[in-house]
Every structure is written in C-alpha cells, then in structure tokens.
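Data file: protein-v8.cif. Format and content: mmCIF, C-alpha atoms and all ligand atoms.
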data_entry
#
loop_
_atom_site.group_PDB
_atom_site.id
_atom_site.type_symbol
_atom_site.label_atom_id
_atom_site.label_comp_id
_atom_site.auth_asym_id
_atom_site.auth_seq_id
_atom_site.Cartn_x
_atom_site.Cartn_y
_atom_site.Cartn_z
ATOM 1 C CA MET A 1 -18.209 -0.023 14.542
ATOM 2 C CA GLY A 2 -16.045 -0.745 11.572
ATOM 3 C CA TRP A 3 -14.841 1.730 9.026
ATOM 4 C CA ASP A 4 -14.402 1.849 5.283
ATOM 5 C CA TYR A 5 -12.569 3.962 2.746
ATOM 6 C CA ASP A 6 -11.817 3.978 -0.947
ATOM 7 C CA THR A 7 -8.411 3.308 -2.404
ATOM 8 C CA GLN A 8 -6.800 2.268 -5.647
ATOM 9 C CA CYS A 9 -4.751 -0.806 -6.451
ATOM 10 C CA LYS A 10 -1.139 0.110 -7.190
ATOM 11 C CA GLU A 11 -0.744 -2.843 -9.513
ATOM 12 C CA CYS A 12 -3.791 -2.783 -11.809
ATOM 13 C CA GLY A 13 -5.387 0.587 -10.976
ATOM 14 C CA ALA A 14 -8.713 -0.893 -9.874
ATOM 15 C CA LYS A 15 -10.820 1.223 -7.533
ATOM 16 C CA ILE A 16 -11.333 -0.642 -4.309
ATOM 17 C CA ARG A 17 -13.422 -0.154 -1.191
ATOM 18 C CA VAL A 18 -11.721 -1.394 1.951
ATOM 19 C CA THR A 19 -14.130 -2.329 4.741
ATOM 20 C CA GLU A 20 -13.368 -3.451 8.265
ATOM 21 C CA ARG A 21 -15.623 -6.148 9.655
ATOM 22 C CA PRO A 22 -15.100 -6.110 13.421
ATOM 23 C CA MET A 23 -15.622 -9.349 15.266
ATOM 24 C CA GLY A 24 -15.443 -7.792 18.733
ATOM 25 C CA VAL A 25 -12.986 -10.329 20.080
ATOM 26 C CA PRO A 26 -11.486 -8.924 23.318
ATOM 27 C CA GLY A 27 -7.732 -8.598 23.008
ATOM 28 C CA GLY A 28 -7.909 -10.217 19.593
ATOM 29 C CA LYS A 29 -6.298 -7.450 17.566
ATOM 30 C CA GLU A 30 -4.021 -8.691 14.836
ATOM 31 C CA LYS A 31 -2.527 -7.301 11.681
ATOM 32 C CA GLU A 32 -4.855 -8.224 8.831
ATOM 33 C CA GLN A 33 -4.375 -7.748 5.119
ATOM 34 C CA ALA A 34 -6.744 -7.168 2.205
ATOM 35 C CA TYR A 35 -5.963 -8.028 -1.391
ATOM 36 C CA CYS A 36 -7.086 -6.699 -4.767
ATOM 37 C CA PRO A 37 -9.959 -8.850 -6.109
ATOM 38 C CA LYS A 38 -8.607 -8.386 -9.639
ATOM 39 C CA CYS A 39 -4.876 -9.035 -9.392
ATOM 40 C CA ASN A 40 -4.413 -10.183 -5.782
ATOM 41 C CA ALA A 41 -1.963 -7.409 -4.885
ATOM 42 C CA LEU A 42 -1.847 -6.220 -1.270
ATOM 43 C CA VAL A 43 -4.001 -3.085 -0.995
ATOM 44 C CA ALA A 44 -4.482 -2.618 2.754
ATOM 45 C CA GLU A 45 -2.968 -3.671 6.052
ATOM 46 C CA HIS A 46 -4.423 -2.707 9.425
ATOM 47 C CA MET A 47 -4.625 -3.742 13.038
ATOM 48 C CA THR A 48 -8.123 -5.052 13.695
ATOM 49 C CA ASP A 49 -9.999 -7.473 15.905
ATOM 50 C CA GLY A 50 -12.023 -8.627 12.907
ATOM 51 C CA PHE A 51 -10.992 -8.873 9.306
ATOM 52 C CA ILE A 52 -10.631 -6.621 6.288
ATOM 53 C CA ASP A 53 -12.612 -6.868 3.086
ATOM 54 C CA ALA A 54 -11.617 -5.442 -0.306
ATOM 55 C CA ARG A 55 -14.241 -5.040 -3.017
ATOM 56 C CA LEU A 56 -14.142 -3.552 -6.488
ATOM 57 C CA ILE A 57 -16.053 -0.290 -6.865
ATOM 58 C CA GLN A 58 -18.320 -0.284 -9.896
ATOM 59 C CA ASP A 59 -18.111 3.245 -11.229
ATOM 60 C CA GLU A 60 -21.472 3.738 -12.924
ATOM 61 C CA SER A 61 -20.988 7.444 -13.618
ATOM 62 C CA GLU A 62 -18.119 6.877 -16.095
ATOM 63 C CA GLU A 63 -19.585 5.032 -19.033
HETATM 64 ZN ZN ZN B 1 -5.129 -4.961 -8.592
#
I'd like the structure from this file rewritten - as structure tokens, please.
Amino acid sequence: MGWDYDTQCKECGAKIRVTERPMGVPGGKEKEQAYCPKCNALVAEHMTDGFIDARLIQDESEE
C-alpha cells in the first residue's frame, strides 16, 4: 500500500497532498521527487518503487 500526507509548499505556501503510487516493482526502489503544482518547487523526496504525486488541496472550509 502507498501512503499520503499533507504538506505545504515552502515557496508559494500552497497546501499540498503528497501521495505515493506504488508500482510493486521488485528491487525497483529509487529516489523520486514531487513538485508543487503551482510554482514547481520541490515539495517531497522519498525512496519508492513507484512514483510520488503532489496535488493542491482545495480548502473548502475557509471561504
Ligand atoms: Zn509552490
């Protein structure tokens, strides 16, 4: 199973959900990066056998 957590972009302050998408490749672990969808800054870097996804969190409660 993959994992996910919430973080914040250091560059533009966007709230971001980082999600691992495991591919299940045996011995295929590599360092993968995820980038802010808004400003393209590096927001996450992890060892994974899949890849890492970064999405903006739409905060509906603060309007
Ligand atoms: Zn950003």
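Residue nearest ligand ZN 1 (chain B), chosen from A:Ala34, A:Asp4, A:Pro26, A:Asp49 and counting only C-alpha atoms and all ligand atoms: A:Ala34.
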So how many Å separate CA of Glu32 in chain A and CA of Asp53 in chain A, to one decimal?
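These two atoms are separated by 9.7 Å.
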Around range 9-23 of chain A, with edges along x, y and z and 4 Å added on all six sides, what centre and edge lengths do you get, in Å to one decimal, as lines of an AutoDock Vina configuration file?
center_x = -8.2
center_y = -4.1
center_z = 1.7
size_x = 22.9
size_y = 18.6
size_z = 35.1
So which residues are near ligand ZN 1 (chain B), meaning at most 7 Å away with all atoms listed in the file counted, given back as a count of residues only?
12
In the coordinate frame of the file, compute which residues have an atom within 7 Å of (-17.4, -0.6, 0.4) when using all atoms listed in the file, and state them as a VMD selection string.
chain A and resid 4 17 to 19 55
Could you name the residues that touch Glu30 in chain A at 10 Å or less, counting all atoms listed in the file, but leaving out those on the same chain fewer than 4 positions away, as a CSV table (one decimal) with C-alpha atoms, in the frame of the given file?
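Produced file result-v2.csv, reproduced below:
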chain,number,residue,atom,x,y,z
A,46,HIS,CA,-4.4,-2.7,9.4
A,47,MET,CA,-4.6,-3.7,13.0
A,48,THR,CA,-8.1,-5.1,13.7
A,49,ASP,CA,-10.0,-7.5,15.9
A,50,GLY,CA,-12.0,-8.6,12.9
A,51,PHE,CA,-11.0,-8.9,9.3
Counting only C-alpha atoms, the residue among A:Tyr35, A:Gly28, A:Arg21, A:Asp6 that lies closest to Ala54 in chain A is A:Tyr35
Nearest residue to Lys15 in chain A from the set A:Gly27, A:Val43, A:Ile57, A:Gln33 (distances using only C-alpha atoms)
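Between A:Gly27, A:Val43, A:Ile57, A:Gln33, the residue approaching Lys15 in chain A most closely is A:Ile57.
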What separation in Å, quoted to one decimal, exists between CA of Trp3 in chain A and CA of Lys31 in chain A?
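It comes out at 15.5 Å.
Distance check against Gly2 in chain A using only C-alpha atoms: of A:Met23, A:Ala44, A:Lys29, A:Gln58, the minimum falls on A:Met23.
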Could range 26-62 of chain A be completed with N, CA and C atoms and written as a short mmCIF file (atom, residue, chain, number, x, y, z; two decimals), in the coordinates of the input, please?
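Now in rebuild-v9.cif:
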data_model
loop_
_atom_site.label_atom_id
_atom_site.label_comp_id
_atom_site.auth_asym_id
_atom_site.auth_seq_id
_atom_site.Cartn_x
_atom_site.Cartn_y
_atom_site.Cartn_z
N PRO A 26 -12.30 -9.68 22.36
CA PRO A 26 -11.49 -8.92 23.32
C PRO A 26 -10.02 -9.33 23.23
N GLY A 27 -9.17 -8.33 23.07
CA GLY A 27 -7.73 -8.60 23.01
C GLY A 27 -7.32 -9.35 21.76
N GLY A 28 -8.21 -9.42 20.78
CA GLY A 28 -7.91 -10.22 19.59
C GLY A 28 -7.39 -9.43 18.42
N LYS A 29 -6.77 -8.26 18.69
CA LYS A 29 -6.30 -7.45 17.57
C LYS A 29 -5.07 -8.06 16.91
N GLU A 30 -5.15 -8.18 15.60
CA GLU A 30 -4.02 -8.69 14.84
C GLU A 30 -3.90 -7.88 13.58
N LYS A 31 -2.72 -7.97 12.96
CA LYS A 31 -2.53 -7.30 11.68
C LYS A 31 -3.18 -8.14 10.58
N GLU A 32 -4.14 -7.52 9.90
CA GLU A 32 -4.86 -8.22 8.83
C GLU A 32 -4.60 -7.53 7.50
N GLN A 33 -4.62 -8.30 6.45
CA GLN A 33 -4.38 -7.75 5.12
C GLN A 33 -5.61 -7.92 4.23
N ALA A 34 -5.71 -7.03 3.23
CA ALA A 34 -6.74 -7.17 2.20
C ALA A 34 -6.06 -7.13 0.84
N TYR A 35 -6.60 -7.89 -0.09
CA TYR A 35 -5.96 -8.03 -1.39
C TYR A 35 -6.91 -7.61 -2.51
N CYS A 36 -6.33 -7.11 -3.59
CA CYS A 36 -7.09 -6.70 -4.77
C CYS A 36 -7.86 -7.89 -5.33
N PRO A 37 -9.18 -7.74 -5.54
CA PRO A 37 -9.96 -8.85 -6.11
C PRO A 37 -9.57 -9.16 -7.55
N LYS A 38 -8.97 -8.20 -8.23
CA LYS A 38 -8.61 -8.39 -9.64
C LYS A 38 -7.26 -9.09 -9.80
N CYS A 39 -6.24 -8.54 -9.12
CA CYS A 39 -4.88 -9.04 -9.39
C CYS A 39 -4.21 -9.60 -8.14
N ASN A 40 -4.91 -9.57 -7.01
CA ASN A 40 -4.41 -10.18 -5.78
C ASN A 40 -3.22 -9.46 -5.15
N ALA A 41 -3.01 -8.19 -5.52
CA ALA A 41 -1.96 -7.41 -4.88
C ALA A 41 -2.45 -6.94 -3.51
N LEU A 42 -1.51 -6.75 -2.59
CA LEU A 42 -1.85 -6.22 -1.27
C LEU A 42 -2.30 -4.77 -1.39
N VAL A 43 -3.50 -4.45 -0.89
CA VAL A 43 -4.00 -3.08 -1.00
C VAL A 43 -4.22 -2.42 0.36
N ALA A 44 -4.26 -3.21 1.44
CA ALA A 44 -4.48 -2.62 2.75
C ALA A 44 -3.93 -3.54 3.83
N GLU A 45 -3.46 -2.90 4.91
CA GLU A 45 -2.97 -3.67 6.05
C GLU A 45 -3.24 -2.87 7.31
N HIS A 46 -4.01 -3.44 8.22
CA HIS A 46 -4.42 -2.71 9.43
C HIS A 46 -4.48 -3.64 10.63
N MET A 47 -4.37 -3.02 11.80
CA MET A 47 -4.62 -3.74 13.04
C MET A 47 -6.13 -3.76 13.26
N THR A 48 -6.69 -4.94 13.47
CA THR A 48 -8.12 -5.05 13.70
C THR A 48 -8.43 -6.31 14.51
N ASP A 49 -9.57 -6.27 15.19
CA ASP A 49 -10.00 -7.47 15.90
C ASP A 49 -10.97 -8.29 15.05
N GLY A 50 -11.18 -7.86 13.82
CA GLY A 50 -12.02 -8.63 12.91
C GLY A 50 -11.22 -9.00 11.67
N PHE A 51 -11.78 -8.69 10.51
CA PHE A 51 -10.99 -8.87 9.31
C PHE A 51 -11.30 -7.77 8.32
N ILE A 52 -10.54 -7.71 7.24
CA ILE A 52 -10.63 -6.62 6.29
C ILE A 52 -11.07 -7.17 4.94
N ASP A 53 -11.99 -6.46 4.33
CA ASP A 53 -12.61 -6.87 3.09
C ASP A 53 -12.23 -5.87 2.00
N ALA A 54 -11.89 -6.34 0.82
CA ALA A 54 -11.62 -5.44 -0.31
C ALA A 54 -12.54 -5.80 -1.46
N ARG A 55 -13.30 -4.81 -1.91
CA ARG A 55 -14.24 -5.04 -3.02
C ARG A 55 -13.99 -4.05 -4.13
N LEU A 56 -14.23 -4.46 -5.36
CA LEU A 56 -14.14 -3.55 -6.49
C LEU A 56 -15.29 -2.56 -6.44
N ILE A 57 -15.01 -1.30 -6.78
CA ILE A 57 -16.05 -0.29 -6.86
C ILE A 57 -16.50 -0.19 -8.32
N GLN A 58 -17.77 -0.42 -8.55
CA GLN A 58 -18.32 -0.28 -9.90
C GLN A 58 -18.66 1.19 -10.11
N ASP A 59 -17.91 1.82 -10.99
CA ASP A 59 -18.11 3.24 -11.23
C ASP A 59 -19.16 3.45 -12.34
N GLU A 60 -20.39 3.67 -11.94
CA GLU A 60 -21.47 3.74 -12.92
C GLU A 60 -21.54 5.08 -13.62
N SER A 61 -20.89 6.11 -13.04
CA SER A 61 -20.99 7.44 -13.62
C SER A 61 -20.05 7.63 -14.81
N GLU A 62 -19.09 6.75 -14.98
CA GLU A 62 -18.12 6.88 -16.10
C GLU A 62 -18.35 5.79 -17.13
#
